[in-house]
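This is data-v4.txt. It holds compact mmCIF, C-alpha atoms.
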# COMPACT_ATOMS: atom_id res chain seq x y z
CA MET A 138 -24.39 -44.06 15.70
CA GLU A 139 -20.75 -44.83 14.90
CA GLU A 140 -18.23 -42.11 15.54
CA SER A 141 -16.08 -40.96 12.64
CA THR A 142 -13.23 -39.85 14.89
CA ILE A 143 -10.66 -42.20 16.38
CA SER A 144 -10.47 -42.23 20.16
CA GLY A 145 -7.29 -41.58 22.07
CA GLU A 146 -6.93 -45.26 23.04
CA SER A 147 -7.23 -46.45 19.46
CA ASN A 148 -4.68 -43.81 18.45
CA GLU A 149 -2.17 -45.19 20.90
CA ASN A 150 -2.77 -48.75 19.66
CA LEU A 151 -2.37 -47.60 16.06
CA VAL A 152 0.89 -45.81 16.78
CA SER A 153 2.24 -48.74 18.77
CA GLU A 154 1.80 -50.99 15.72
CA ILE A 155 4.12 -48.79 13.61
CA PRO A 156 7.79 -49.77 13.88
CA PRO A 157 9.99 -47.16 15.64
CA LYS A 158 12.24 -46.78 12.60
CA GLN A 159 9.30 -45.72 10.44
CA LEU A 160 8.15 -43.25 13.11
CA ASP A 161 11.60 -41.64 13.25
CA GLN A 162 11.75 -41.47 9.47
CA ALA A 163 8.28 -39.89 9.23
CA ALA A 164 9.16 -37.34 11.92
CA SER A 165 12.42 -36.36 10.24
CA GLU A 166 10.94 -35.90 6.79
CA LYS A 167 9.55 -32.45 5.97
CA ILE A 168 6.25 -32.03 4.22
CA LYS A 169 6.94 -30.75 0.74
CA LEU A 170 4.19 -28.69 -0.84
CA PRO A 171 3.89 -28.13 -4.58
CA LEU A 172 5.54 -24.91 -5.71
CA TRP A 173 2.23 -23.38 -6.77
CA ARG A 174 0.92 -23.75 -3.21
CA LEU A 175 3.76 -21.76 -1.66
CA PRO A 176 2.51 -18.22 -0.84
CA LEU A 177 5.45 -16.40 -2.43
CA ILE A 178 5.38 -18.44 -5.65
CA ARG A 179 1.60 -18.19 -5.89
CA ASN A 180 1.61 -14.42 -5.33
CA CYS A 181 4.37 -13.92 -7.89
CA GLY A 182 2.45 -15.98 -10.43
CA ILE A 183 -0.72 -13.96 -9.85
CA GLY A 184 1.31 -10.75 -10.11
CA ILE A 185 2.82 -11.74 -13.46
CA VAL A 186 -0.62 -12.57 -14.83
CA ALA A 187 -1.98 -9.24 -13.54
CA ILE A 188 0.83 -7.30 -15.24
CA ALA A 189 0.27 -9.15 -18.52
CA LEU A 190 -3.49 -8.48 -18.42
CA PHE A 191 -2.94 -4.82 -17.59
CA PHE A 192 -0.44 -4.54 -20.45
CA VAL A 193 -3.09 -5.80 -22.88
CA ILE A 194 -5.94 -3.74 -21.40
CA SER A 195 -3.95 -0.50 -21.33
CA GLY A 196 -3.32 -0.87 -25.05
CA HIS A 197 -7.06 -0.47 -25.70
CA LEU A 198 -7.46 2.63 -23.53
CA SER A 199 -7.13 6.25 -24.56
CA LEU A 200 -4.16 8.40 -23.65
CA TYR A 201 -6.19 10.21 -20.98
CA ARG A 202 -7.39 6.98 -19.35
CA ASN A 203 -3.86 5.63 -19.23
CA TYR A 204 -2.72 8.87 -17.64
CA GLN A 205 -5.46 8.55 -15.03
CA LEU A 206 -4.34 5.03 -14.22
CA ALA A 207 -0.78 6.29 -13.94
CA GLU A 208 -2.01 8.87 -11.41
CA VAL A 209 -3.72 6.21 -9.32
CA GLY A 210 -0.57 4.08 -8.94
CA PRO A 211 1.45 6.34 -6.59
CA TYR A 212 -1.47 6.68 -4.18
CA ILE A 213 -1.99 2.91 -4.06
CA LEU A 214 1.57 2.43 -2.82
CA ALA A 215 1.34 5.25 -0.27
CA LEU A 216 -2.01 3.94 1.01
CA LEU A 217 -0.61 0.42 1.14
CA GLY A 218 2.14 1.58 3.50
CA LEU A 219 -0.24 3.68 5.58
CA SER A 220 -2.70 0.79 5.83
CA LEU A 221 0.08 -1.48 7.08
CA LEU A 222 1.15 1.05 9.68
CA VAL A 223 -2.32 1.83 11.02
CA GLY A 224 -4.22 -1.38 10.41
CA GLN A 225 -1.54 -3.97 11.14
CA ASN A 226 0.59 -2.18 13.73
CA GLY A 227 -1.77 0.34 15.33
CA GLN A 228 0.33 3.48 14.79
CA ILE A 229 -1.19 6.67 13.42
CA SER A 230 0.40 8.99 10.87
CA ILE A 231 -0.84 12.28 9.45
CA GLY A 232 2.45 12.94 7.70
CA HIS A 233 2.60 10.43 4.86
CA GLY A 234 2.29 13.24 2.34
CA ALA A 235 5.65 14.51 3.63
CA LEU A 236 7.15 11.03 3.23
CA MET A 237 5.96 11.01 -0.37
CA ALA A 238 7.69 14.38 -0.80
CA ILE A 239 10.98 12.90 0.43
CA GLY A 240 10.78 10.12 -2.15
CA ALA A 241 9.83 12.57 -4.89
CA TRP A 242 12.68 15.01 -4.19
CA THR A 243 15.16 12.16 -3.84
CA PHE A 244 14.12 10.87 -7.24
CA ALA A 245 14.32 14.34 -8.77
CA LEU A 246 17.74 15.19 -7.32
CA PHE A 247 19.32 11.90 -8.37
CA GLN A 248 17.86 12.20 -11.86
CA LEU A 249 19.08 15.80 -12.15
CA HIS A 250 22.66 15.12 -11.03
CA THR A 251 23.21 11.54 -12.23
CA LYS A 252 22.46 9.37 -15.25
CA LEU A 253 21.22 6.35 -13.36
CA PRO A 254 18.56 4.05 -14.86
CA LEU A 255 14.94 4.54 -13.91
CA ALA A 256 14.76 1.37 -11.81
CA VAL A 257 17.80 2.45 -9.77
CA LEU A 258 16.30 5.89 -9.19
CA LEU A 259 13.09 4.35 -7.87
CA ILE A 260 15.03 2.02 -5.59
CA LEU A 261 17.12 4.91 -4.24
CA ALA A 262 14.00 6.97 -3.52
CA THR A 263 12.53 4.00 -1.64
CA LEU A 264 15.71 3.36 0.36
CA VAL A 265 16.22 7.01 1.35
CA THR A 266 12.63 7.27 2.57
CA PHE A 267 12.99 3.90 4.32
CA ILE A 268 16.01 5.21 6.25
CA PHE A 269 14.22 8.45 7.10
CA GLY A 270 11.21 6.41 8.22
CA SER A 271 13.48 4.35 10.48
CA LEU A 272 14.71 7.50 12.21
CA LEU A 273 11.18 8.84 12.48
CA GLY A 274 10.05 5.44 13.72
CA LEU A 275 12.48 5.67 16.66
CA VAL A 276 10.64 8.79 17.76
CA ALA A 277 7.21 7.37 16.94
CA ALA A 278 7.87 4.23 19.00
CA ARG A 279 8.08 6.41 22.14
CA LEU A 280 4.86 8.31 21.44
CA ARG A 281 1.24 7.30 21.61
CA GLY A 282 -2.12 8.62 20.48
CA PRO A 283 -2.39 12.37 19.91
CA TYR A 284 1.33 12.92 20.57
CA LEU A 285 2.27 10.64 17.67
CA ALA A 286 -0.37 12.23 15.46
CA GLY A 287 0.91 15.70 16.38
CA THR A 288 4.51 14.76 15.52
CA THR A 289 3.60 13.46 12.07
CA LEU A 290 1.33 16.47 11.57
CA ALA A 291 4.27 18.80 12.29
CA LEU A 292 6.28 16.88 9.68
CA ALA A 293 3.56 17.36 7.09
CA LEU A 294 3.37 21.07 7.85
CA GLY A 295 7.09 21.83 8.08
CA LEU A 296 8.76 19.70 5.43
CA PRO A 297 7.42 21.52 2.31
CA ASP A 298 8.90 24.80 3.62
CA ILE A 299 12.39 23.35 3.27
CA ALA A 300 12.04 23.53 -0.52
CA THR A 301 11.30 27.26 -0.36
CA ARG A 302 14.09 27.93 2.14
CA TYR A 303 16.78 26.15 0.08
CA ARG A 304 15.72 27.27 -3.38
CA SER A 305 19.06 26.61 -5.05
CA LEU A 306 18.77 22.90 -4.23
CA PHE A 307 15.05 22.21 -4.35
CA GLY A 308 13.89 24.84 -6.83
CA GLY A 309 11.68 26.91 -4.52
CA TYR A 310 7.98 27.22 -5.29
CA GLN A 311 8.54 26.17 -8.92
CA GLY A 312 10.18 22.93 -7.85
CA LEU A 313 12.28 20.62 -10.01
CA GLN A 314 11.43 19.34 -13.46
CA ILE A 315 11.37 15.59 -14.09
CA THR A 316 12.31 14.02 -17.41
CA GLN A 317 9.81 11.32 -18.27
CA PRO A 318 11.27 8.18 -19.86
CA SER A 319 10.45 7.28 -23.44
CA PRO A 320 8.99 3.84 -24.17
CA PRO A 321 11.58 1.31 -25.37
CA ALA A 322 11.72 0.75 -29.11
CA PHE A 323 10.80 -2.95 -28.85
CA LEU A 324 7.32 -1.98 -27.56
CA GLY A 325 6.48 -0.48 -30.93
CA ALA A 326 5.82 2.97 -32.30
CA THR A 327 2.17 2.98 -31.17
CA PHE A 328 3.07 2.42 -27.52
CA SER A 329 2.42 5.80 -25.89
CA ALA A 330 4.31 7.47 -23.06
CA GLN A 331 1.14 7.49 -20.93
CA GLN A 332 0.72 3.75 -21.33
CA TYR A 333 4.39 3.25 -20.46
CA LEU A 334 3.94 5.24 -17.23
CA ALA A 335 0.85 3.20 -16.37
CA VAL A 336 2.74 -0.06 -16.92
CA ILE A 337 5.65 1.14 -14.76
CA ASP A 338 3.19 1.98 -12.01
CA MET A 339 1.53 -1.42 -12.35
CA ILE A 340 4.84 -3.25 -12.01
CA CYS A 341 5.71 -1.29 -8.86
CA ILE A 342 2.23 -1.88 -7.41
CA VAL A 343 2.43 -5.64 -8.00
CA ILE A 344 5.86 -5.81 -6.39
CA GLY A 345 4.62 -3.79 -3.43
CA ILE A 346 1.50 -5.94 -2.97
CA ILE A 347 3.55 -9.15 -3.13
CA ILE A 348 5.95 -7.85 -0.48
CA PHE A 349 3.17 -6.67 1.81
CA ALA A 350 1.05 -9.80 1.34
CA ASN A 351 3.95 -12.02 2.36
CA LEU A 352 4.97 -9.67 5.17
CA ILE A 353 1.50 -9.73 6.71
CA ARG A 354 1.48 -13.55 6.72
CA SER A 355 5.00 -13.86 8.12
CA LYS A 356 6.19 -13.94 11.72
CA THR A 357 6.94 -10.22 11.53
CA GLY A 358 3.37 -9.54 10.46
CA ARG A 359 2.04 -11.58 13.37
CA ASN A 360 4.29 -9.62 15.71
CA MET A 361 2.89 -6.36 14.32
CA ARG A 362 -0.67 -7.44 15.03
CA ALA A 363 0.29 -8.66 18.48
CA VAL A 364 1.85 -5.28 19.31
CA ARG A 365 -1.22 -3.54 17.93
CA ASP A 366 -3.57 -5.57 20.12
CA ASP A 367 -1.60 -5.55 23.39
CA GLU A 368 1.90 -4.17 23.89
CA ILE A 369 2.28 -5.55 27.42
CA ALA A 370 1.34 -9.08 26.39
CA SER A 371 3.70 -8.79 23.42
CA ARG A 372 6.61 -7.90 25.70
CA ILE A 373 5.81 -10.82 27.96
CA SER A 374 5.79 -13.09 24.90
CA GLY A 375 9.30 -11.94 23.99
CA ILE A 376 8.40 -9.59 21.13
CA SER A 377 10.46 -6.42 20.86
CA VAL A 378 7.76 -3.79 20.70
CA GLN A 379 10.10 -0.95 19.74
CA LYS A 380 11.83 -2.86 16.94
CA THR A 381 8.49 -4.00 15.55
CA GLN A 382 7.07 -0.48 15.54
CA VAL A 383 10.22 1.03 14.01
CA PHE A 384 10.28 -1.60 11.28
CA ALA A 385 6.59 -1.03 10.50
CA PHE A 386 7.14 2.71 10.25
CA ALA A 387 10.19 2.25 8.04
CA VAL A 388 8.44 -0.12 5.63
CA SER A 389 5.42 2.17 5.49
CA ALA A 390 7.69 5.15 4.77
CA GLY A 391 9.49 3.22 2.02
CA ALA A 392 6.20 2.51 0.28
CA ALA A 393 5.23 6.18 0.55
CA GLY A 394 8.61 7.20 -0.84
CA LEU A 395 8.19 4.94 -3.86
CA GLY A 396 4.72 6.39 -4.36
CA GLY A 397 6.15 9.91 -4.20
CA ALA A 398 8.81 9.07 -6.78
CA LEU A 399 6.17 7.67 -9.14
CA LEU A 400 3.98 10.73 -8.57
CA ALA A 401 6.90 12.97 -9.53
CA LEU A 402 7.50 10.85 -12.61
CA VAL A 403 3.87 11.02 -13.71
CA SER A 404 3.44 14.76 -13.06
CA SER A 405 6.97 15.55 -14.39
CA ASN A 406 7.46 18.06 -11.58
CA VAL A 407 8.27 18.14 -7.86
CA SER A 408 7.10 21.24 -6.00
CA PRO A 409 6.07 21.94 -2.39
CA GLY A 410 2.52 22.72 -3.51
CA ALA A 411 1.97 19.06 -4.41
CA PHE A 412 2.74 17.76 -0.91
CA THR A 413 0.70 19.93 1.42
CA LEU A 414 -1.24 18.90 4.51
CA THR A 415 -4.25 18.32 2.26
CA LEU A 416 -2.46 15.35 0.68
CA SER A 417 -1.78 13.75 4.08
CA ILE A 418 -5.40 14.20 5.15
CA SER A 419 -6.59 12.80 1.82
CA LEU A 420 -4.38 9.74 2.28
CA LEU A 421 -5.82 9.16 5.74
CA ALA A 422 -9.36 9.52 4.39
CA GLY A 423 -8.62 7.25 1.45
CA MET A 424 -7.26 4.57 3.77
CA VAL A 425 -10.39 4.62 5.95
CA ILE A 426 -12.75 4.66 2.96
CA GLY A 427 -10.94 1.83 1.18
CA GLY A 428 -10.47 -0.39 4.22
CA THR A 429 -7.78 -0.17 6.88
CA GLY A 430 -5.37 -3.08 7.19
CA THR A 431 -6.33 -4.74 3.90
CA ILE A 432 -4.47 -5.29 0.65
CA ALA A 433 -7.28 -4.33 -1.72
CA GLY A 434 -8.50 -1.38 0.36
CA PRO A 435 -5.72 0.98 -0.83
CA ILE A 436 -6.78 0.34 -4.43
CA TRP A 437 -10.31 1.59 -3.73
CA GLY A 438 -8.95 4.52 -1.72
CA ALA A 439 -6.51 5.53 -4.47
CA PHE A 440 -9.22 5.60 -7.13
CA ILE A 441 -11.32 7.79 -4.84
CA MET A 442 -8.36 10.13 -4.27
CA VAL A 443 -7.92 10.61 -8.01
CA TYR A 444 -11.54 10.86 -9.05
CA VAL A 445 -13.02 12.91 -6.18
CA PRO A 446 -11.05 16.07 -7.13
CA GLN A 447 -12.17 15.59 -10.74
CA TRP A 448 -15.79 15.29 -9.63
CA ALA A 449 -15.31 18.43 -7.55
CA THR A 450 -13.90 20.29 -10.56
CA THR A 451 -16.80 19.19 -12.75
CA ALA A 452 -19.33 20.24 -10.10
CA THR A 453 -17.59 23.61 -9.72
CA GLU A 454 -17.82 24.31 -13.45
CA LYS A 455 -21.48 23.28 -13.69
CA LEU A 456 -22.59 25.18 -10.57
CA ASN A 457 -20.39 28.25 -11.22
CA LEU A 458 -19.02 28.21 -7.66
CA ASN A 459 -16.45 30.75 -6.48
CA GLN A 460 -12.81 29.85 -6.03
CA GLY A 461 -13.00 29.59 -2.24
CA ILE A 462 -15.67 26.92 -2.35
CA ALA A 463 -14.06 25.16 -5.29
CA ALA A 464 -10.73 24.85 -3.47
CA ASN A 465 -12.32 23.06 -0.50
CA LEU A 466 -15.02 21.11 -2.30
CA SER A 467 -12.91 17.97 -2.66
CA LEU A 468 -12.22 17.94 1.09
CA GLY A 469 -15.93 18.36 1.68
CA LEU A 470 -16.64 15.36 -0.53
CA TYR A 471 -14.06 13.35 1.40
CA GLY A 472 -15.87 14.27 4.60
CA VAL A 473 -19.23 13.17 3.23
CA LEU A 474 -17.76 9.88 2.00
CA LEU A 475 -16.14 9.29 5.39
CA ILE A 476 -19.41 9.82 7.22
CA VAL A 477 -21.28 7.50 4.86
CA ILE A 478 -18.60 4.80 5.05
CA ILE A 479 -18.35 4.97 8.85
CA LEU A 480 -22.13 4.65 9.18
CA LEU A 481 -22.75 2.01 6.54
CA ALA A 482 -19.42 0.17 6.31
CA PRO A 483 -17.10 0.72 9.31
CA MET A 484 -14.52 -1.63 7.75
CA GLY A 485 -14.41 0.37 4.52
CA ILE A 486 -15.33 -0.59 0.98
CA GLN A 487 -13.20 -3.73 1.04
CA GLY A 488 -14.69 -4.80 4.37
CA LEU A 489 -18.19 -4.30 2.97
CA LEU A 490 -17.40 -6.39 -0.10
CA ARG A 491 -15.78 -9.09 2.01
CA SER A 492 -18.74 -9.36 4.37
CA GLY A 493 -21.16 -9.41 1.45
CA PHE A 494 -19.18 -12.18 -0.26
CA SER A 495 -19.10 -14.19 2.97
CA LYS A 496 -22.87 -13.91 3.33
CA VAL A 497 -23.40 -15.12 -0.24
CA VAL A 498 -21.09 -18.11 0.33
CA LEU A 499 -22.83 -19.03 3.60
CA ARG A 500 -26.24 -18.83 1.97
CA ARG A 501 -25.15 -21.08 -0.87
CA GLN A 502 -23.66 -23.58 1.57
CA GLY A 503 -26.91 -23.55 3.51
CA LYS A 504 -28.86 -24.34 0.34
CA LEU A 505 -26.48 -27.13 -0.55
CA SER A 506 -26.77 -28.66 2.90
CA LYS A 507 -30.56 -28.75 2.54
Just give me the structure of the file as structure tokens.
Amino acid sequence: MEESTISGESNENLVSEIPPKQLDQAASEKIKLPLWRLPLIRNCGIGIVAIALFFVISGHLSLYRNYQLAEVGPYILALLGLSLLVGQNGQISIGHGALMAIGAWTFALFQLHTKLPLAVLLILATLVTFIFGSLLGLVAARLRGPYLAGTTLALALGLPDIATRYRSLFGGYQGLQITQPSPPAFLGATFSAQQYLAVIDMICIVIGIIIFANLIRSKTGRNMRAVRDDEIASRISGISVQKTQVFAFAVSAGAAGLGGALLALVSSNVSPGAFTLTLSISLLAGMVIGGTGTIAGPIWGAFIMVYVPQWATTATEKLNLNQGIAANLSLGLYGVLLIVIILLAPMGIQGLLRSGFSKVVLRRQGKLSK
């Protein structure tokens, strides 16, 4: 049977027949891919199409459904950052609810004392939380395991008390009121404020997903995974473990800060009661349920974070449960979902869907080969 591959000897003969000038020219020329095949251009194109489709779909939804979608958006961004930190870099954080609080209060304070545009306010909230995450990342890079978890847990427990201690600045238990933006006139009179908030969230989510998708596939993303898998081997390979971990923590914090700013915008209020330890635990549970280290996993986790408390409220009203049980029912549901996901789908919902899709593709290829 004839071989389809060319042997090494025939390769040498083939190369020797090519003039040296043509070899030098071929080596010097760079392979140019079409623009649509470049990852950044392709992701941006998909993002623009997604925003346009969401814009059309949101116009056919009720005010309440648009508000629910607007609630989901902040958690997608926070879970996206947490998934990057844990899944891609191997660091643990139980304090991302506090990082969301920093972004929310930054947004509220700048809106209260300045007249900056909405886009600038969101960028400032992201940058301030990014800087805070860099400082926290310097500490986190020196800690491992339970010590790192304990540090972020202390942050989640202690940060909300600052608002009650400095009431003149942060508003105490009542918090600060947020002024929601009105839809621009060119969108039409029927374009509701809820739909406008949902579209703002969608734009921020698409930008965040594009950044994270390209970051994961870049050299920095490969360094993060290398540090996650083996720090000693990464050092030997010339990777700065500390810089990689600090950068991962800072980017994750920036995403959480943007999510916190959007959450403040949607709820029109920033108070310490919205950023308790329960939020940080819910984020961690949502990340595991959705799929750690994936892009689509935070979307599943965010929907669960929004709808599980609503299911708990509905069950409380139907079963006439007391307030003590009702207050902890959502956490109980998170626990049940975690147990089910860990037993049936250790890689989360996205991992389960991915494995199922792979099996379907392999089966079809097997049928085609027959």
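Between atom CA of Ala439 of chain A and atom CA of Gly488 of chain A the interatomic distance comes to 15.9 Å.
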Write out as a PDB file with C-alpha atoms, in the frame of the given file the residues lying within 12 Å of Ala433 of chain A, counting all atoms listed in the file and excluding same-chain residues fewer than 3 positions away.
ATOM      1  CA  ILE A 213      -1.990   2.910  -4.060  1.00  0.00           C
ATOM      2  CA  LEU A 214       1.570   2.430  -2.820  1.00  0.00           C
ATOM      3  CA  LEU A 216      -2.010   3.940   1.010  1.00  0.00           C
ATOM      4  CA  LEU A 217      -0.610   0.420   1.140  1.00  0.00           C
ATOM      5  CA  SER A 220      -2.700   0.790   5.830  1.00  0.00           C
ATOM      6  CA  LEU A 221       0.080  -1.480   7.080  1.00  0.00           C
ATOM      7  CA  ILE A 342       2.230  -1.880  -7.410  1.00  0.00           C
ATOM      8  CA  VAL A 343       2.430  -5.640  -8.000  1.00  0.00           C
ATOM      9  CA  ILE A 346       1.500  -5.940  -2.970  1.00  0.00           C
ATOM     10  CA  ILE A 347       3.550  -9.150  -3.130  1.00  0.00           C
ATOM     11  CA  PHE A 349       3.170  -6.670   1.810  1.00  0.00           C
ATOM     12  CA  ALA A 350       1.050  -9.800   1.340  1.00  0.00           C
ATOM     13  CA  MET A 424      -7.260   4.570   3.770  1.00  0.00           C
ATOM     14  CA  ILE A 426     -12.750   4.660   2.960  1.00  0.00           C
ATOM     15  CA  GLY A 427     -10.940   1.830   1.180  1.00  0.00           C
ATOM     16  CA  GLY A 428     -10.470  -0.390   4.220  1.00  0.00           C
ATOM     17  CA  THR A 429      -7.780  -0.170   6.880  1.00  0.00           C
ATOM     18  CA  GLY A 430      -5.370  -3.080   7.190  1.00  0.00           C
ATOM     19  CA  ILE A 436      -6.780   0.340  -4.430  1.00  0.00           C
ATOM     20  CA  TRP A 437     -10.310   1.590  -3.730  1.00  0.00           C
ATOM     21  CA  GLY A 438      -8.950   4.520  -1.720  1.00  0.00           C
ATOM     22  CA  ALA A 439      -6.510   5.530  -4.470  1.00  0.00           C
ATOM     23  CA  PHE A 440      -9.220   5.600  -7.130  1.00  0.00           C
ATOM     24  CA  GLY A 485     -14.410   0.370   4.520  1.00  0.00           C
ATOM     25  CA  ILE A 486     -15.330  -0.590   0.980  1.00  0.00           C
ATOM     26  CA  GLN A 487     -13.200  -3.730   1.040  1.00  0.00           C
ATOM     27  CA  GLY A 488     -14.690  -4.800   4.370  1.00  0.00           C
ATOM     28  CA  LEU A 489     -18.190  -4.300   2.970  1.00  0.00           C
ATOM     29  CA  LEU A 490     -17.400  -6.390  -0.100  1.00  0.00           C
ATOM     30  CA  ARG A 491     -15.780  -9.090   2.010  1.00  0.00           C
TER      31      ARG A 491
END
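Every polymer residue reaching to within 6 Å of (7.4, -8.1, 16.7), counting all atoms listed in the file, appears in this list: Thr357, Asn360, Met361, Ile376, Ser377, Val378 and Thr381 of chain A.
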Give one line per residue of segment 417-440 of chain A that approaches segment 264-286 of chain A to at most 12 Å, naming the two atoms of the closest pair and their distance in Å to one decimal, counting all atoms listed in the file; sort by chain then ascending residue number and deliver it as JSON lines.
{"residue": "A:Ser417", "atom": "CA", "partner": "A:Ala286", "partner_atom": "CA", "distance": 11.6}
{"residue": "A:Ile418", "atom": "CA", "partner": "A:Ala286", "partner_atom": "CA", "distance": 11.6}
{"residue": "A:Leu421", "atom": "CA", "partner": "A:Ala286", "partner_atom": "CA", "distance": 11.6}
For the selection you just gave me, I'd like the residues written to a file as a short mmCIF file (atom, residue, chain, number, x, y, z; two decimals), in the coordinates of the input, keeping C-alpha atoms.
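Output below, filename again-v7.cif:
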data_model
loop_
_atom_site.label_atom_id
_atom_site.label_comp_id
_atom_site.auth_asym_id
_atom_site.auth_seq_id
_atom_site.Cartn_x
_atom_site.Cartn_y
_atom_site.Cartn_z
CA SER A 417 -1.78 13.75 4.08
CA ILE A 418 -5.40 14.20 5.15
CA LEU A 421 -5.82 9.16 5.74
#
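Between atom CA of Pro176 of chain A and atom CA of Gln502 of chain A there is a distance of 26.8 Å.
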In Å, with one decimal, what is the gap from atom CA of Gly325 of chain A to atom CA of Ala262 of chain A? 29.4 Å
In file coordinates, which residues lie within 12 Å of (-2.7, -1.6, 10.4) using only C-alpha atoms, given as a CSV table (one decimal) with C-alpha atoms, keeping the file's coordinate frame?
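Everything below was put into part-v3.csv:
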chain,number,residue,atom,x,y,z
A,216,LEU,CA,-2.0,3.9,1.0
A,217,LEU,CA,-0.6,0.4,1.1
A,218,GLY,CA,2.1,1.6,3.5
A,219,LEU,CA,-0.2,3.7,5.6
A,220,SER,CA,-2.7,0.8,5.8
A,221,LEU,CA,0.1,-1.5,7.1
A,222,LEU,CA,1.2,1.0,9.7
A,223,VAL,CA,-2.3,1.8,11.0
A,224,GLY,CA,-4.2,-1.4,10.4
A,225,GLN,CA,-1.5,-4.0,11.1
A,226,ASN,CA,0.6,-2.2,13.7
A,227,GLY,CA,-1.8,0.3,15.3
A,228,GLN,CA,0.3,3.5,14.8
A,229,ILE,CA,-1.2,6.7,13.4
A,230,SER,CA,0.4,9.0,10.9
A,349,PHE,CA,3.2,-6.7,1.8
A,353,ILE,CA,1.5,-9.7,6.7
A,358,GLY,CA,3.4,-9.5,10.5
A,359,ARG,CA,2.0,-11.6,13.4
A,360,ASN,CA,4.3,-9.6,15.7
A,361,MET,CA,2.9,-6.4,14.3
A,362,ARG,CA,-0.7,-7.4,15.0
A,363,ALA,CA,0.3,-8.7,18.5
A,364,VAL,CA,1.8,-5.3,19.3
A,365,ARG,CA,-1.2,-3.5,17.9
A,366,ASP,CA,-3.6,-5.6,20.1
A,382,GLN,CA,7.1,-0.5,15.5
A,385,ALA,CA,6.6,-1.0,10.5
A,386,PHE,CA,7.1,2.7,10.2
A,389,SER,CA,5.4,2.2,5.5
A,424,MET,CA,-7.3,4.6,3.8
A,425,VAL,CA,-10.4,4.6,6.0
A,428,GLY,CA,-10.5,-0.4,4.2
A,429,THR,CA,-7.8,-0.2,6.9
A,430,GLY,CA,-5.4,-3.1,7.2
A,431,THR,CA,-6.3,-4.7,3.9
A,432,ILE,CA,-4.5,-5.3,0.6
A,434,GLY,CA,-8.5,-1.4,0.4
A,435,PRO,CA,-5.7,1.0,-0.8
Residue contacts of Ala300 of chain A (8 Å, all atoms listed in the file) excluding same-chain residues fewer than 5 positions away, as a PyMOL selection string: chain A and resi 306-310+312+408-409
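The shell of residues at most 9 Å from Ala238 of chain A, with only C-alpha atoms counted and near chain neighbours (fewer than 3 positions) removed, consists of His233, Gly234, Ala235, Ala241, Trp242, Thr243, Leu296, Pro297, Ala393, Gly394, Gly397, Ala398, Ala401, Val407, Ser408, Pro409, Ala411 and Phe412 of chain A.
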Selected residue, from A:Leu292, A:Asn203, A:Gly396, A:Asn406, that lies nearest to Gln311 of chain A when counting all atoms listed in the file: A:Asn406
Tell me which protein, DNA and RNA residues are within 7 Å of segment 187-198 of chain A, counting all atoms listed in the file, leaving out same-chain ones fewer than 2 positions away, and put them as a JSON list (two decimals) with C-alpha atoms, in the frame of the given file.
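part19.json, freshly written:
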[["chain", "number", "residue", "atom", "x", "y", "z"],
["A", 183, "ILE", "CA", -0.72, -13.96, -9.85],
["A", 184, "GLY", "CA", 1.31, -10.75, -10.11],
["A", 185, "ILE", "CA", 2.82, -11.74, -13.46],
["A", 200, "LEU", "CA", -4.16, 8.40, -23.65],
["A", 202, "ARG", "CA", -7.39, 6.98, -19.35],
["A", 203, "ASN", "CA", -3.86, 5.63, -19.23],
["A", 332, "GLN", "CA", 0.72, 3.75, -21.33],
["A", 336, "VAL", "CA", 2.74, -0.06, -16.92],
["A", 339, "MET", "CA", 1.53, -1.42, -12.35],
["A", 340, "ILE", "CA", 4.84, -3.25, -12.01]]
Do a neighbour search on Leu294 of chain A at 9 Å with all atoms listed in the file, toss out local chain neighbours closer than 5 positions, and write the hits as a PyMOL selection string. chain A and resi 232+235+289+413-414
